[in-house]
Each structure stands twice: as C-alpha cells, then as structure tokens.
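Chemist: Contents of query.cif (mmCIF, C-alpha atoms):
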```cif
data_run
#
loop_
_atom_site.group_PDB
_atom_site.id
_atom_site.type_symbol
_atom_site.label_atom_id
_atom_site.label_comp_id
_atom_site.auth_asym_id
_atom_site.auth_seq_id
_atom_site.Cartn_x
_atom_site.Cartn_y
_atom_site.Cartn_z
ATOM 1 C CA MET V 276 75.664 -58.502 -62.820
ATOM 2 C CA LYS V 277 71.920 -57.906 -63.054
ATOM 3 C CA THR V 278 70.355 -56.474 -59.934
ATOM 4 C CA ALA V 279 66.694 -55.795 -59.151
ATOM 5 C CA ILE V 280 65.686 -53.413 -56.371
ATOM 6 C CA THR V 281 62.082 -53.685 -55.220
ATOM 7 C CA VAL V 282 60.073 -50.503 -54.735
ATOM 8 C CA PHE V 283 56.900 -50.293 -52.647
ATOM 9 C CA PRO V 284 54.796 -47.236 -51.888
ATOM 10 C CA GLY V 285 56.810 -45.643 -49.069
ATOM 11 C CA THR V 286 60.193 -47.151 -49.982
ATOM 12 C CA ASN V 287 62.801 -44.383 -49.810
ATOM 13 C CA ARG V 288 66.287 -45.905 -49.992
ATOM 14 C CA GLU V 289 66.068 -47.474 -53.434
ATOM 15 C CA ARG V 290 68.163 -44.766 -55.116
ATOM 16 C CA ASP V 291 70.849 -44.905 -52.425
ATOM 17 C CA MET V 292 71.004 -48.661 -52.895
ATOM 18 C CA ALA V 293 71.141 -48.325 -56.687
ATOM 19 C CA ALA V 294 73.969 -45.788 -56.408
ATOM 20 C CA ALA V 295 75.967 -48.069 -54.103
ATOM 21 C CA ILE V 296 75.571 -51.107 -56.327
ATOM 22 C CA GLU V 297 76.334 -49.152 -59.486
ATOM 23 C CA LYS V 298 79.444 -47.671 -57.885
ATOM 24 C CA ALA V 299 80.685 -51.094 -56.824
ATOM 25 C CA SER V 300 79.690 -53.160 -59.841
ATOM 26 C CA GLY V 301 79.553 -50.691 -62.727
ATOM 27 C CA SER V 302 76.078 -51.840 -63.757
ATOM 28 C CA LYS V 303 72.876 -49.995 -63.044
ATOM 29 C CA PRO V 304 70.214 -51.926 -61.097
ATOM 30 C CA ASP V 305 66.593 -52.053 -62.260
ATOM 31 C CA LEU V 306 64.025 -50.534 -59.918
ATOM 32 C CA ILE V 307 60.988 -52.829 -59.886
ATOM 33 C CA TRP V 308 57.550 -51.621 -58.786
ATOM 34 C CA HIS V 309 55.759 -53.829 -56.277
ATOM 35 C CA GLY V 310 52.933 -54.862 -58.647
ATOM 36 C CA GLU V 311 55.332 -56.851 -60.861
ATOM 37 C CA SER V 312 55.358 -60.584 -60.401
ATOM 38 C CA ASP V 313 58.317 -61.730 -62.518
ATOM 39 C CA LEU V 314 61.907 -61.385 -61.367
ATOM 40 C CA ALA V 315 63.509 -64.010 -63.604
ATOM 41 C CA GLY V 316 67.011 -63.361 -64.847
ATOM 42 C CA TYR V 317 68.411 -61.384 -61.928
ATOM 43 C CA ASP V 318 71.565 -62.361 -60.038
ATOM 44 C CA LEU V 319 70.745 -60.256 -57.022
ATOM 45 C CA ILE V 320 67.500 -58.899 -55.587
ATOM 46 C CA VAL V 321 67.574 -56.133 -52.985
ATOM 47 C CA VAL V 322 64.647 -55.144 -50.778
ATOM 48 C CA PRO V 323 65.687 -51.644 -49.668
ATOM 49 C CA GLY V 324 64.801 -49.459 -46.710
ATOM 50 C CA GLY V 325 61.958 -47.050 -46.152
ATOM 51 C CA PHE V 326 58.445 -47.234 -44.814
ATOM 52 C CA SER V 327 56.651 -49.602 -47.176
ATOM 53 C CA TYR V 328 52.894 -49.039 -46.993
ATOM 54 C CA GLY V 329 53.451 -46.540 -44.202
ATOM 55 C CA ASP V 330 54.396 -49.364 -41.811
ATOM 56 C CA TYR V 331 50.669 -50.130 -41.537
ATOM 57 C CA LEU V 332 49.717 -53.033 -39.241
ATOM 58 C CA ARG V 333 53.379 -54.019 -38.652
ATOM 59 C CA CYS V 334 56.554 -52.919 -40.429
ATOM 60 C CA GLY V 335 56.839 -54.955 -43.610
ATOM 61 C CA ALA V 336 53.539 -56.815 -43.144
ATOM 62 C CA MET V 337 51.795 -55.358 -46.196
ATOM 63 C CA ALA V 338 54.847 -55.528 -48.448
ATOM 64 C CA GLY V 339 55.451 -59.100 -47.309
ATOM 65 C CA ASN V 340 52.158 -60.098 -48.923
ATOM 66 C CA SER V 341 52.580 -58.203 -52.194
ATOM 67 C CA PRO V 342 52.930 -59.938 -55.614
ATOM 68 C CA ILE V 343 56.564 -58.981 -56.011
ATOM 69 C CA MET V 344 57.516 -60.634 -52.724
ATOM 70 C CA ARG V 345 56.080 -63.918 -53.954
ATOM 71 C CA ALA V 346 58.434 -63.558 -56.919
ATOM 72 C CA VAL V 347 61.349 -62.706 -54.601
ATOM 73 C CA LYS V 348 60.590 -65.836 -52.570
ATOM 74 C CA GLN V 349 60.504 -67.984 -55.715
ATOM 75 C CA GLN V 350 63.851 -66.646 -56.883
ATOM 76 C CA ALA V 351 65.379 -67.129 -53.442
ATOM 77 C CA GLU V 352 64.250 -70.752 -53.501
ATOM 78 C CA ARG V 353 66.162 -71.097 -56.780
ATOM 79 C CA GLY V 354 69.287 -69.831 -55.061
ATOM 80 C CA VAL V 355 69.308 -66.190 -56.192
ATOM 81 C CA ALA V 356 71.004 -63.882 -53.674
ATOM 82 C CA VAL V 357 68.533 -61.663 -51.792
ATOM 83 C CA LEU V 358 69.565 -58.783 -49.536
ATOM 84 C CA GLY V 359 67.120 -56.917 -47.301
ATOM 85 C CA VAL V 360 68.236 -53.731 -45.591
ATOM 86 C CA CYS V 361 66.307 -52.010 -42.795
ATOM 87 C CA ASN V 362 62.646 -52.115 -43.886
ATOM 88 C CA GLY V 363 63.809 -54.787 -46.344
ATOM 89 C CA PHE V 364 64.956 -56.919 -43.389
ATOM 90 C CA GLN V 365 61.545 -56.397 -41.771
ATOM 91 C CA VAL V 366 59.824 -57.444 -45.009
ATOM 92 C CA LEU V 367 61.956 -60.609 -45.268
ATOM 93 C CA THR V 368 61.042 -61.653 -41.723
ATOM 94 C CA GLU V 369 57.349 -60.996 -42.461
ATOM 95 C CA THR V 370 57.491 -63.314 -45.503
ATOM 96 C CA GLY V 371 59.136 -65.987 -43.359
ATOM 97 C CA MET V 372 62.277 -65.952 -45.530
ATOM 98 C CA LEU V 373 64.264 -65.031 -42.420
ATOM 99 C CA PRO V 374 63.409 -66.085 -38.858
ATOM 100 C CA GLY V 375 62.450 -63.764 -36.011
ATOM 101 C CA VAL V 376 60.969 -60.293 -36.076
ATOM 102 C CA LEU V 377 62.100 -56.678 -35.727
ATOM 103 C CA MET V 378 60.315 -55.130 -32.782
ATOM 104 C CA ARG V 379 60.070 -51.543 -31.598
ATOM 105 C CA ASN V 380 63.435 -50.266 -30.308
ATOM 106 C CA ALA V 381 63.797 -50.989 -26.594
ATOM 107 C CA GLY V 382 64.250 -47.259 -25.882
ATOM 108 C CA LEU V 383 61.008 -46.435 -27.788
ATOM 109 C CA LYS V 384 62.841 -43.826 -29.878
ATOM 110 C CA PHE V 385 63.614 -43.650 -33.568
ATOM 111 C CA ILE V 386 67.391 -44.067 -33.788
ATOM 112 C CA CYS V 387 69.205 -42.194 -36.543
ATOM 113 C CA LYS V 388 72.965 -42.196 -35.986
ATOM 114 C CA MET V 389 76.292 -43.626 -37.024
ATOM 115 C CA THR V 390 77.186 -46.887 -35.341
ATOM 116 C CA HIS V 391 79.686 -49.720 -35.666
ATOM 117 C CA ILE V 392 78.931 -53.286 -36.614
ATOM 118 C CA ARG V 393 81.242 -56.245 -36.318
ATOM 119 C CA CYS V 394 81.356 -58.848 -39.049
ATOM 120 C CA GLU V 395 80.874 -62.259 -37.430
ATOM 121 C CA ARG V 396 81.636 -64.285 -40.495
ATOM 122 C CA SER V 397 82.770 -63.719 -44.022
ATOM 123 C CA HIS V 398 80.055 -64.990 -46.331
ATOM 124 C CA ALA V 399 79.947 -64.480 -50.095
ATOM 125 C CA PRO V 400 78.452 -62.581 -51.735
ATOM 126 C CA PHE V 401 77.135 -60.414 -48.897
ATOM 127 C CA THR V 402 80.164 -59.485 -46.826
ATOM 128 C CA GLY V 403 82.502 -58.600 -49.688
ATOM 129 C CA SER V 404 86.023 -57.934 -48.517
ATOM 130 C CA LEU V 405 85.085 -58.072 -44.824
ATOM 131 C CA ASN V 406 86.678 -60.745 -42.683
ATOM 132 C CA GLN V 407 85.474 -62.158 -39.396
ATOM 133 C CA GLY V 408 86.114 -59.584 -36.667
ATOM 134 C CA ASP V 409 86.269 -56.584 -39.032
ATOM 135 C CA VAL V 410 84.344 -53.528 -37.843
ATOM 136 C CA ILE V 411 82.680 -51.009 -40.163
ATOM 137 C CA LYS V 412 81.088 -47.673 -39.399
ATOM 138 C CA VAL V 413 77.606 -47.344 -40.875
ATOM 139 C CA ALA V 414 74.378 -45.461 -40.236
ATOM 140 C CA VAL V 415 71.247 -46.848 -38.649
ATOM 141 C CA ALA V 416 67.850 -45.199 -39.106
ATOM 142 C CA HIS V 417 65.014 -47.185 -37.637
ATOM 143 C CA ASN V 418 62.229 -47.300 -35.095
ATOM 144 C CA GLU V 419 61.767 -51.087 -35.220
ATOM 145 C CA GLY V 420 65.216 -52.648 -35.292
ATOM 146 C CA ASN V 421 65.077 -54.636 -32.090
ATOM 147 C CA TYR V 422 65.734 -58.169 -33.312
ATOM 148 C CA PHE V 423 63.717 -60.792 -31.477
ATOM 149 C CA ALA V 424 63.510 -64.557 -31.840
ATOM 150 C CA ASP V 425 62.974 -67.293 -29.276
ATOM 151 C CA GLU V 426 66.025 -68.867 -27.619
ATOM 152 C CA ASP V 427 65.877 -72.010 -29.764
ATOM 153 C CA THR V 428 65.882 -69.961 -32.960
ATOM 154 C CA LEU V 429 68.755 -67.803 -31.681
ATOM 155 C CA ASP V 430 70.778 -70.894 -30.786
ATOM 156 C CA ARG V 431 70.100 -72.349 -34.234
ATOM 157 C CA LEU V 432 71.260 -69.095 -35.854
ATOM 158 C CA GLU V 433 74.450 -69.050 -33.785
ATOM 159 C CA GLY V 434 75.106 -72.753 -34.257
ATOM 160 C CA GLY V 435 74.712 -72.493 -38.015
ATOM 161 C CA GLY V 436 77.000 -69.464 -38.242
ATOM 162 C CA ARG V 437 74.086 -67.399 -39.490
ATOM 163 C CA VAL V 438 74.649 -64.275 -37.413
ATOM 164 C CA VAL V 439 76.588 -62.048 -39.813
ATOM 165 C CA PHE V 440 76.686 -58.671 -38.040
ATOM 166 C CA ARG V 441 76.421 -57.507 -34.439
ATOM 167 C CA TYR V 442 76.265 -53.979 -33.032
ATOM 168 C CA SER V 443 79.647 -53.125 -31.529
ATOM 169 C CA ASN V 444 81.924 -50.201 -30.778
ATOM 170 C CA ALA V 445 84.844 -49.108 -32.969
ATOM 171 C CA ALA V 446 87.112 -51.629 -31.272
ATOM 172 C CA GLY V 447 84.712 -54.471 -31.998
ATOM 173 C CA LEU V 448 83.418 -54.828 -28.429
ATOM 174 C CA VAL V 449 79.964 -56.401 -28.381
ATOM 175 C CA ASP V 450 78.018 -56.011 -25.137
ATOM 176 C CA ALA V 451 74.980 -54.304 -23.611
ATOM 177 C CA THR V 452 76.602 -50.862 -23.915
ATOM 178 C CA THR V 453 76.967 -51.246 -27.701
ATOM 179 C CA ASN V 454 73.466 -52.658 -28.194
ATOM 180 C CA LEU V 455 71.668 -49.553 -29.380
ATOM 181 C CA ASN V 456 68.168 -50.943 -29.919
ATOM 182 C CA GLY V 457 67.763 -53.904 -27.568
ATOM 183 C CA SER V 458 68.338 -56.626 -30.184
ATOM 184 C CA GLN V 459 68.762 -60.136 -28.824
ATOM 185 C CA ARG V 460 72.485 -60.908 -28.656
ATOM 186 C CA ASN V 461 73.291 -57.564 -30.385
ATOM 187 C CA ILE V 462 72.165 -59.041 -33.706
ATOM 188 C CA ALA V 463 72.271 -56.581 -36.621
ATOM 189 C CA GLY V 464 72.232 -59.004 -39.558
ATOM 190 C CA ILE V 465 71.429 -62.666 -40.225
ATOM 191 C CA LEU V 466 71.371 -65.270 -42.985
ATOM 192 C CA ASN V 467 68.718 -67.804 -43.949
ATOM 193 C CA GLU V 468 69.472 -71.492 -43.662
ATOM 194 C CA SER V 469 70.781 -71.923 -47.200
ATOM 195 C CA GLY V 470 72.917 -68.796 -46.958
ATOM 196 C CA ASN V 471 71.546 -66.919 -49.988
ATOM 197 C CA VAL V 472 69.245 -64.504 -48.144
ATOM 198 C CA MET V 473 70.598 -61.873 -45.757
ATOM 199 C CA GLY V 474 68.800 -59.206 -43.766
ATOM 200 C CA MET V 475 70.436 -56.355 -41.850
ATOM 201 C CA MET V 476 69.185 -53.211 -40.133
ATOM 202 C CA PRO V 477 72.136 -50.798 -40.741
ATOM 203 C CA HIS V 478 72.586 -48.988 -44.065
ATOM 204 C CA PRO V 479 75.864 -49.870 -45.815
ATOM 205 C CA GLU V 480 74.472 -48.178 -48.943
ATOM 206 C CA ASN V 481 74.786 -44.843 -47.155
ATOM 207 C CA ALA V 482 78.497 -45.320 -46.493
ATOM 208 C CA ILE V 483 79.878 -45.195 -50.031
ATOM 209 C CA ASP V 484 81.124 -41.615 -50.268
ATOM 210 C CA ALA V 485 83.822 -39.890 -48.225
ATOM 211 C CA LEU V 486 81.837 -36.655 -48.248
ATOM 212 C CA ALA V 487 78.676 -38.272 -46.910
ATOM 213 C CA GLY V 488 78.928 -40.923 -44.237
ATOM 214 C CA GLY V 489 82.282 -42.494 -45.124
ATOM 215 C CA VAL V 490 83.161 -45.327 -47.465
ATOM 216 C CA GLU V 491 83.201 -48.357 -45.198
ATOM 217 C CA GLY V 492 79.959 -49.720 -46.636
ATOM 218 C CA LEU V 493 81.654 -50.152 -49.992
ATOM 219 C CA LYS V 494 83.625 -53.082 -48.565
ATOM 220 C CA MET V 495 80.357 -55.003 -48.484
ATOM 221 C CA PHE V 496 79.252 -54.097 -51.983
ATOM 222 C CA ALA V 497 82.602 -55.084 -53.466
ATOM 223 C CA GLY V 498 81.423 -58.632 -52.908
ATOM 224 C CA LEU V 499 77.950 -58.078 -54.302
ATOM 225 C CA ALA V 500 79.476 -56.923 -57.572
ATOM 226 C CA GLY V 501 80.926 -60.378 -58.066
ATOM 227 C CA THR V 502 77.601 -62.198 -57.687
ATOM 228 C CA ALA V 503 77.250 -63.059 -61.363
ATOM 229 C CA MET R 183 28.814 -60.783 -39.615
ATOM 230 C CA LYS R 184 31.245 -58.692 -37.630
ATOM 231 C CA ALA R 185 34.260 -59.780 -35.640
ATOM 232 C CA ASN R 186 36.743 -58.190 -33.282
ATOM 233 C CA VAL R 187 40.263 -59.505 -33.555
ATOM 234 C CA THR R 188 42.517 -58.659 -30.634
ATOM 235 C CA VAL R 189 46.244 -58.950 -31.232
ATOM 236 C CA THR R 190 48.559 -58.864 -28.232
ATOM 237 C CA LEU R 191 52.221 -59.539 -27.598
ATOM 238 C CA LYS R 192 52.904 -63.015 -26.277
ATOM 239 C CA ARG R 193 53.683 -63.419 -22.597
ATOM 240 C CA GLY R 194 57.419 -63.218 -22.152
ATOM 241 C CA VAL R 195 57.890 -60.797 -25.053
ATOM 242 C CA LEU R 196 59.045 -57.458 -23.697
ATOM 243 C CA ASP R 197 56.469 -54.722 -24.317
ATOM 244 C CA PRO R 198 58.272 -51.387 -23.885
ATOM 245 C CA GLN R 199 55.175 -49.424 -24.912
ATOM 246 C CA GLY R 200 53.094 -51.119 -22.231
ATOM 247 C CA LYS R 201 55.843 -50.361 -19.707
ATOM 248 C CA ALA R 202 55.906 -46.680 -20.703
ATOM 249 C CA ILE R 203 52.116 -46.479 -20.360
ATOM 250 C CA GLY R 204 52.365 -48.054 -16.895
ATOM 251 C CA HIS R 205 54.970 -45.477 -15.839
ATOM 252 C CA ALA R 206 52.817 -42.655 -17.212
ATOM 253 C CA LEU R 207 49.802 -43.890 -15.221
ATOM 254 C CA GLU R 208 51.906 -43.964 -12.071
ATOM 255 C CA GLY R 209 53.117 -40.471 -12.912
ATOM 256 C CA LEU R 210 49.495 -39.331 -12.981
ATOM 257 C CA GLY R 211 49.078 -40.615 -9.443
ATOM 258 C CA PHE R 212 47.191 -43.870 -10.142
ATOM 259 C CA ASP R 213 48.140 -46.301 -7.391
ATOM 260 C CA GLY R 214 48.513 -50.030 -7.580
ATOM 261 C CA ILE R 215 49.343 -50.276 -11.274
ATOM 262 C CA GLY R 216 50.603 -53.756 -12.135
ATOM 263 C CA GLU R 217 51.879 -54.810 -15.530
ATOM 264 C CA VAL R 218 50.411 -52.868 -18.484
ATOM 265 C CA ARG R 219 50.505 -54.428 -21.929
ATOM 266 C CA GLN R 220 49.416 -52.842 -25.190
ATOM 267 C CA GLY R 221 47.760 -54.601 -28.116
ATOM 268 C CA LYS R 222 45.556 -53.741 -31.059
ATOM 269 C CA LEU R 223 41.952 -54.261 -32.018
ATOM 270 C CA ILE R 224 40.993 -54.983 -35.627
ATOM 271 C CA GLU R 225 37.310 -54.926 -36.593
ATOM 272 C CA VAL R 226 36.437 -57.078 -39.589
ATOM 273 C CA GLU R 227 33.086 -57.212 -41.416
ATOM 274 C CA LEU R 228 32.386 -60.464 -43.237
ATOM 275 C CA ALA R 229 29.752 -61.496 -45.800
ATOM 276 C CA GLU R 230 29.921 -65.012 -44.347
ATOM 277 C CA THR R 231 26.761 -65.980 -42.418
ATOM 278 C CA ASP R 232 27.916 -69.277 -40.937
ATOM 279 C CA ARG R 233 29.632 -68.692 -37.588
ATOM 280 C CA LYS R 234 31.914 -71.693 -37.809
ATOM 281 C CA ALA R 235 33.031 -70.844 -41.338
ATOM 282 C CA ALA R 236 33.614 -67.236 -40.305
ATOM 283 C CA GLN R 237 35.703 -68.364 -37.350
ATOM 284 C CA ALA R 238 37.844 -70.548 -39.631
ATOM 285 C CA LYS R 239 38.304 -67.735 -42.132
ATOM 286 C CA LEU R 240 39.296 -65.263 -39.424
ATOM 287 C CA ASP R 241 41.734 -67.730 -37.974
ATOM 288 C CA GLU R 242 43.431 -68.020 -41.377
ATOM 289 C CA MET R 243 43.482 -64.203 -41.705
ATOM 290 C CA CYS R 244 45.207 -63.946 -38.340
ATOM 291 C CA ARG R 245 47.844 -66.504 -39.213
ATOM 292 C CA LYS R 246 48.524 -65.026 -42.666
ATOM 293 C CA LEU R 247 48.409 -61.319 -41.964
ATOM 294 C CA LEU R 248 46.742 -59.868 -38.892
ATOM 295 C CA ALA R 249 49.171 -61.280 -36.338
ATOM 296 C CA ASN R 250 52.842 -62.164 -36.469
ATOM 297 C CA THR R 251 52.721 -65.380 -34.504
ATOM 298 C CA VAL R 252 56.439 -65.212 -33.726
ATOM 299 C CA ILE R 253 55.680 -62.580 -31.097
ATOM 300 C CA GLU R 254 51.906 -62.090 -31.070
ATOM 301 C CA ASP R 255 48.823 -63.972 -29.878
ATOM 302 C CA TYR R 256 45.380 -63.314 -31.271
ATOM 303 C CA ALA R 257 41.829 -63.751 -30.064
ATOM 304 C CA ILE R 258 38.760 -63.762 -32.300
ATOM 305 C CA GLU R 259 35.371 -62.649 -31.044
ATOM 306 C CA ILE R 260 32.364 -62.729 -33.351
ATOM 307 C CA VAL R 261 30.205 -59.846 -32.167
ATOM 308 C CA GLU R 262 27.143 -59.899 -34.413
#
```
If you convert what's in this file into structure tokens, what do you get?
Modeler:
Amino acid sequence: MKTAITVFPGTNRERDMAAAIEKASGSKPDLIWHGESDLAGYDLIVVPGGFSYGDYLRCGAMAGNSPIMRAVKQQAERGVAVLGVCNGFQVLTETGMLPGVLMRNAGLKFICKMTHIRCERSHAPFTGSLNQGDVIKVAVAHNEGNYFADEDTLDRLEGGGRVVFRYSNAAGLVDATTNLNGSQRNIAGILNESGNVMGMMPHPENAIDALAGGVEGLKMFAGLAGTA
Amino acid sequence: MKANVTVTLKRGVLDPQGKAIGHALEGLGFDGIGEVRQGKLIEVELAETDRKAAQAKLDEMCRKLLANTVIEDYAIEIVE
C-alpha cells in the first residue's frame, strides 16, 4: 500500500500517523510538503493533525486553499481513499470535501483527554476491524472540534449512513453527558457522499502502543493496510 | 481602494465566545446587556479603482476564503 501524508507549516501529527500506518501495513508512508501538486499513484492520502498555518483566519482555511489540497481533491474525485484527522478534518471541511464545519468547543476550552467513540457503521477501508456498536478508547486534542451543520445536512448524513463515529462512554452510551465538545448529535467522524473520504476529530494514531495511550486505534488502521 | 470586510456568525449559530463576553460585561457591573456576538474585521487594500469591480472581487474573496458561508455571514464596506 502506498500512503501519502500531507505536511503543512504547523502540522505536528504526521510522524504519529506515519508510525501507525507503518505498524499496521508494514510500508512506510511518504510525507509530502504542502507545495507539491502531484499525488498520483497513492492508495491512501492522510491529512494529519496539528495547527496548519497557525490556525490563521479559521482552522484549516489556509491549508484548504494550498496546492496540495487541490491535488488531494483531484485524487479523491478519482476514488482514492482520503482520511483527515483533527486539523485534517477541519481542512477537509474547508475544501468542501466534507460538509459542515468544526467550530470552537462549546466549553471554550482546549480539550486534551482520553475519550470513547462508538463506531456507527463498519465502512472499509476506514473502520478496519470495528463493527457497528464497537467502542474504542482514543485521545482527543482540539480547541475547534464542535461539529456543526444545518439540520438538513445532518439528516442527510444520518440518512445516508455517513456518521461513522460518535462521542460515547465506555459502554457505548451516546448522549449530552458524553458529548465533550458540543458537536451536533455527538458527531466525531463522518464520510463524504461517495464514501471514500472520512474526517474525524479523535486521534486513533495515538492509540497504537500499550505503553502510550493503548492499542485500540490499531483496530482502525488494520483496515487501512488493506486499501491497496 | 480600501475595504472593510466584517465576518460574523450567522443568526442561529451558537456563539460561545460572544456569550462569555456578555457574562464578563455583566460581571463588571454593566446593566442591561442583551445578546453579545463576536465577529472579525478584515481590512483589504486593493489596486482596483472601479468601485463595482472592487465590490465583485471582494465578494468572491469572501466566498472563497474570508468567510466560511456554512456558519458565517459577511458584509463588505468600501471605505476609501
């Protein structure tokens, strides 16, 4: 499997993501600087977390208009799998590849903690060995993770089975008490209409080692390894 | 030519920062504070000399970059 991970000024999770994908798939991803405009030949493109362009204007707004994102969009239109995590999710919404927007957390605080997310549907290649209803423990680290879209868009997402992850507790309960950032309908991860682009706020790439954060994120990457 | 672009959250979109500012004003003893909403001001200098053309250009800038029209409204004011 050939994987590209995009790197912008201010990106900081690209090595974590590369380590997770290498661990799961055995092949080392290429880190691609944002000035590049050709991403042909990759099976998977990941837009990782961080603070691209210092979050200037809006999170992901500058990166969303960079040359490499035009290339990511082109590849996505050809059916290549694209995963955006955290700032990557914000970037994908800014490019219009995913609907909605990630707003400031409802509690106005940066949230950096372990949380649980419930898998709402099993969808290759992104959810790996996870089945509907499975709960994994992963970290979140964001200031703007509060997913917002208008009611029509939310209903379309739900109707199309495009909500992939919701914030929950360990038992899989999804309600206001498990909604850590104010996201509409506890949404933590969604798909685009054709199902080859996914964005999520939590960091599965930081849950791949028993000594640091647990290994539950690996369940997701097991599927990514089989993309090619 | 110079323009001020004001970007604000759409009505109906929760603005927790505006709310926090409102609470802080009340905390300082200011009475009668209604809803407070926060936005941003972007000043843009343009070489364009035709007002109408400048307006059109700024409108495109807002739609493409300056505002995220999913949650934000924008207003363009040409100031000089």
Chemist: Using all atoms listed in the file, collect all residues at a distance of at most 6 Å from (47.5, -60.9, -30.0) as written in the file, then present them as a PDB file with C-alpha atoms, keeping the file's coordinate frame.
Modeler:
```pdb
ATOM      1  CA  THR R 188      42.517 -58.659 -30.634  1.00  0.00           C
ATOM      2  CA  VAL R 189      46.244 -58.950 -31.232  1.00  0.00           C
ATOM      3  CA  THR R 190      48.559 -58.864 -28.232  1.00  0.00           C
ATOM      4  CA  LEU R 191      52.221 -59.539 -27.598  1.00  0.00           C
ATOM      5  CA  GLU R 254      51.906 -62.090 -31.070  1.00  0.00           C
ATOM      6  CA  ASP R 255      48.823 -63.972 -29.878  1.00  0.00           C
ATOM      7  CA  TYR R 256      45.380 -63.314 -31.271  1.00  0.00           C
TER       8      TYR R 256
END
```
Chemist: Could you check which of R:His205, R:Lys184, R:Lys222, R:Arg233 is closest to chain V, using only C-alpha atoms?
Modeler: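 Among the listed residues, the smallest separation from chain V belongs to R:Lys222.
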Chemist: Find the residues of chain R that sit at most 9 Å from chain V; for each, write down the nearest two atoms and how far apart they are in Å, to one decimal. Count all atoms listed in the file. Sort by chain, then by number going up, and give it as CSV.
Modeler:
```
residue,atom,partner,partner_atom,distance
R:Val195,CA,V:Phe423,CA,8.7
R:Leu196,CA,V:Ala381,CA,8.5
R:Asp197,CA,V:Ala381,CA,8.5
R:Pro198,CA,V:Ala381,CA,6.2
R:Gln199,CA,V:Leu383,CA,7.2
R:Ala202,CA,V:Leu383,CA,8.7
R:Lys246,CA,V:Asn340,CA,8.8
R:Leu247,CA,V:Ala336,CA,6.9
R:Leu248,CA,V:Leu332,CA,7.5
R:Ala249,CA,V:Arg333,CA,8.7
R:Asn250,CA,V:Glu369,CA,7.6
R:Val252,CA,V:Gly375,CA,6.6
R:Ile253,CA,V:Val376,CA,7.6
```
Chemist: Report the residues retrieved by the PyMOL selection byres ((chain V and resi 405) around 12) from the displayed file, expressed as a VMD selection string.
Modeler: chain V and resid 392 to 404 406 to 411 439 to 440 491 to 499
Chemist: Between atom CA of Ala279 of chain V and atom CA of Met292 of chain V, what is the distance in Å, rounded to a tenth?
Modeler: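 According to the coordinates, atom CA of Ala279 of chain V and atom CA of Met292 of chain V are separated by 10.4 Å.
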Chemist: What is the atom CA of Asp484 of chain V to atom CA of Cys387 of chain V distance in Å?
Modeler: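 Interatomic distance here is 18.2 Å.
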Chemist: Please list as a list in words every residue within 7 Å of Val218 of chain R, counting all atoms listed in the file and excluding residues in the same chain fewer than 4 positions away.
Modeler: Gly200, Lys201, Ile203 and Gly204 of chain R
Chemist: Between atom CA of Lys192 of chain R and atom CA of Ala257 of chain R, what is the distance, to one decimal in Å?
Modeler: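 Computing it gives 11.7 Å between the two atoms.
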Chemist: Excluding same-chain residues fewer than 2 positions from segment 450-453 of chain V, what lies within 12 Å of it counting only C-alpha atoms, as a list in words?
Modeler: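 In the requested format, the answer is Thr390, His391, Ile392, Arg393, Arg441, Tyr442, Ser443, Asn444, Ala445, Ala446, Gly447, Leu448, Leu455, Asn456, Gly457, Ser458, Gln459, Arg460, Asn461, Ile462 and Ala463 of chain V.
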Chemist: Which residue is closest to Glu262 of chain R? Choose from R:Arg245, R:Val226, R:Ala235, R:Arg193 and count all atoms listed in the file.
Modeler: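 Among the listed residues, the smallest separation from Glu262 of chain R belongs to R:Val226.
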Chemist: Enclose all atoms of segment 437-447 of chain V listed in the file in an axis-aligned box, grow every side by 6 Å, and hand back centre and edge lengths in Å to one decimal, as JSON.
Modeler:
```
{"center_x": 80.6, "center_y": -58.3, "center_z": -35.3, "size_x": 25.0, "size_y": 30.3, "size_z": 21.0}
```
Chemist: Tell me, as a list in words, which residues lie within 6 Å of Gly474 of chain V, counting all atoms listed in the file; anything in the same chain fewer than 3 positions away does not count.
Modeler: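 In the requested form, the answer reads Leu358, Gly359, Val360, Phe364, Gly464 and Ile465 of chain V.
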Chemist: So, with only C-alpha atoms as the atoms that count, which of V:Met476, V:Val415, V:Leu429, V:Val321 lies closest to Ile307 of chain V?
Modeler: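 Smallest distance to Ile307 of chain V is found for V:Val321.
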Chemist: Considering all atoms listed in the file, state which residue in the set V:Asp330, V:Glu468, V:Glu352, V:Asp305 is at the smallest distance from Gln365 of chain V.
Modeler: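 The answer is V:Asp330, which sits nearest to Gln365 of chain V.
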Chemist: Mind checking which residues fall within 7 Å of Pro323 of chain V, counting all atoms listed in the file, ignoring those fewer than 6 positions away in the same chain, and posting them as a PDB file with C-alpha atoms, in the frame of the given file?
Modeler:
```pdb
ATOM      1  CA  ILE V 280      65.686 -53.413 -56.371  1.00  0.00           C
ATOM      2  CA  THR V 281      62.082 -53.685 -55.220  1.00  0.00           C
ATOM      3  CA  ARG V 288      66.287 -45.905 -49.992  1.00  0.00           C
ATOM      4  CA  GLU V 289      66.068 -47.474 -53.434  1.00  0.00           C
ATOM      5  CA  MET V 292      71.004 -48.661 -52.895  1.00  0.00           C
ATOM      6  CA  GLY V 359      67.120 -56.917 -47.301  1.00  0.00           C
ATOM      7  CA  VAL V 360      68.236 -53.731 -45.591  1.00  0.00           C
ATOM      8  CA  CYS V 361      66.307 -52.010 -42.795  1.00  0.00           C
ATOM      9  CA  ASN V 362      62.646 -52.115 -43.886  1.00  0.00           C
ATOM     10  CA  GLY V 363      63.809 -54.787 -46.344  1.00  0.00           C
TER      11      GLY V 363
END
```
Chemist: Please check which residues have atoms at most 12 Å from (73.1, -53.9, -58.9) in the file's coordinates, counting all atoms listed in the file, and write them as a ChimeraX atom specification.
Modeler: /V:276-281,289-306,317-322,356-358,480,496-503
Chemist: Of the residues V:Leu367, V:Ala485, V:Ile386, V:Val490, which is the one nearest to Leu466 of chain V, using all atoms listed in the file?
Modeler: V:Leu367
Chemist: Written as a list in words, what is the full residue list that the PyMOL selection byres ((chain V and resi 385) around 6) yields on the file shown?
Modeler: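 Selected by the PyMOL selection byres ((chain V and resi 385) around 6) here: Lys384, Ile386, His417 and Asn418 of chain V.
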Chemist: Grab segment 208-226 of chain R from that structure and dump C-alpha atoms to a file, as a tab-separated table (two decimals), in the first residue's frame.
Modeler:
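Final output, part.tsv:
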```tsv
chain	number	residue	atom	x	y	z
R	208	GLU	CA	-22.32	41.67	33.41
R	209	GLY	CA	-19.63	40.64	35.87
R	210	LEU	CA	-18.12	44.11	35.53
R	211	GLY	CA	-21.44	45.61	36.55
R	212	PHE	CA	-22.73	46.75	33.13
R	213	ASP	CA	-26.52	46.57	33.27
R	214	GLY	CA	-28.93	45.74	30.52
R	215	ILE	CA	-26.59	43.63	28.41
R	216	GLY	CA	-28.53	41.76	25.72
R	217	GLU	CA	-27.03	39.26	23.33
R	218	VAL	CA	-23.32	39.79	22.54
R	219	ARG	CA	-21.89	38.31	19.37
R	220	GLN	CA	-18.27	38.34	18.26
R	221	GLY	CA	-17.00	38.64	14.69
R	222	LYS	CA	-13.88	39.74	12.88
R	223	LEU	CA	-12.83	42.69	10.79
R	224	ILE	CA	-10.52	42.22	7.80
R	225	GLU	CA	-9.06	45.30	6.10
R	226	VAL	CA	-8.16	44.81	2.46
```
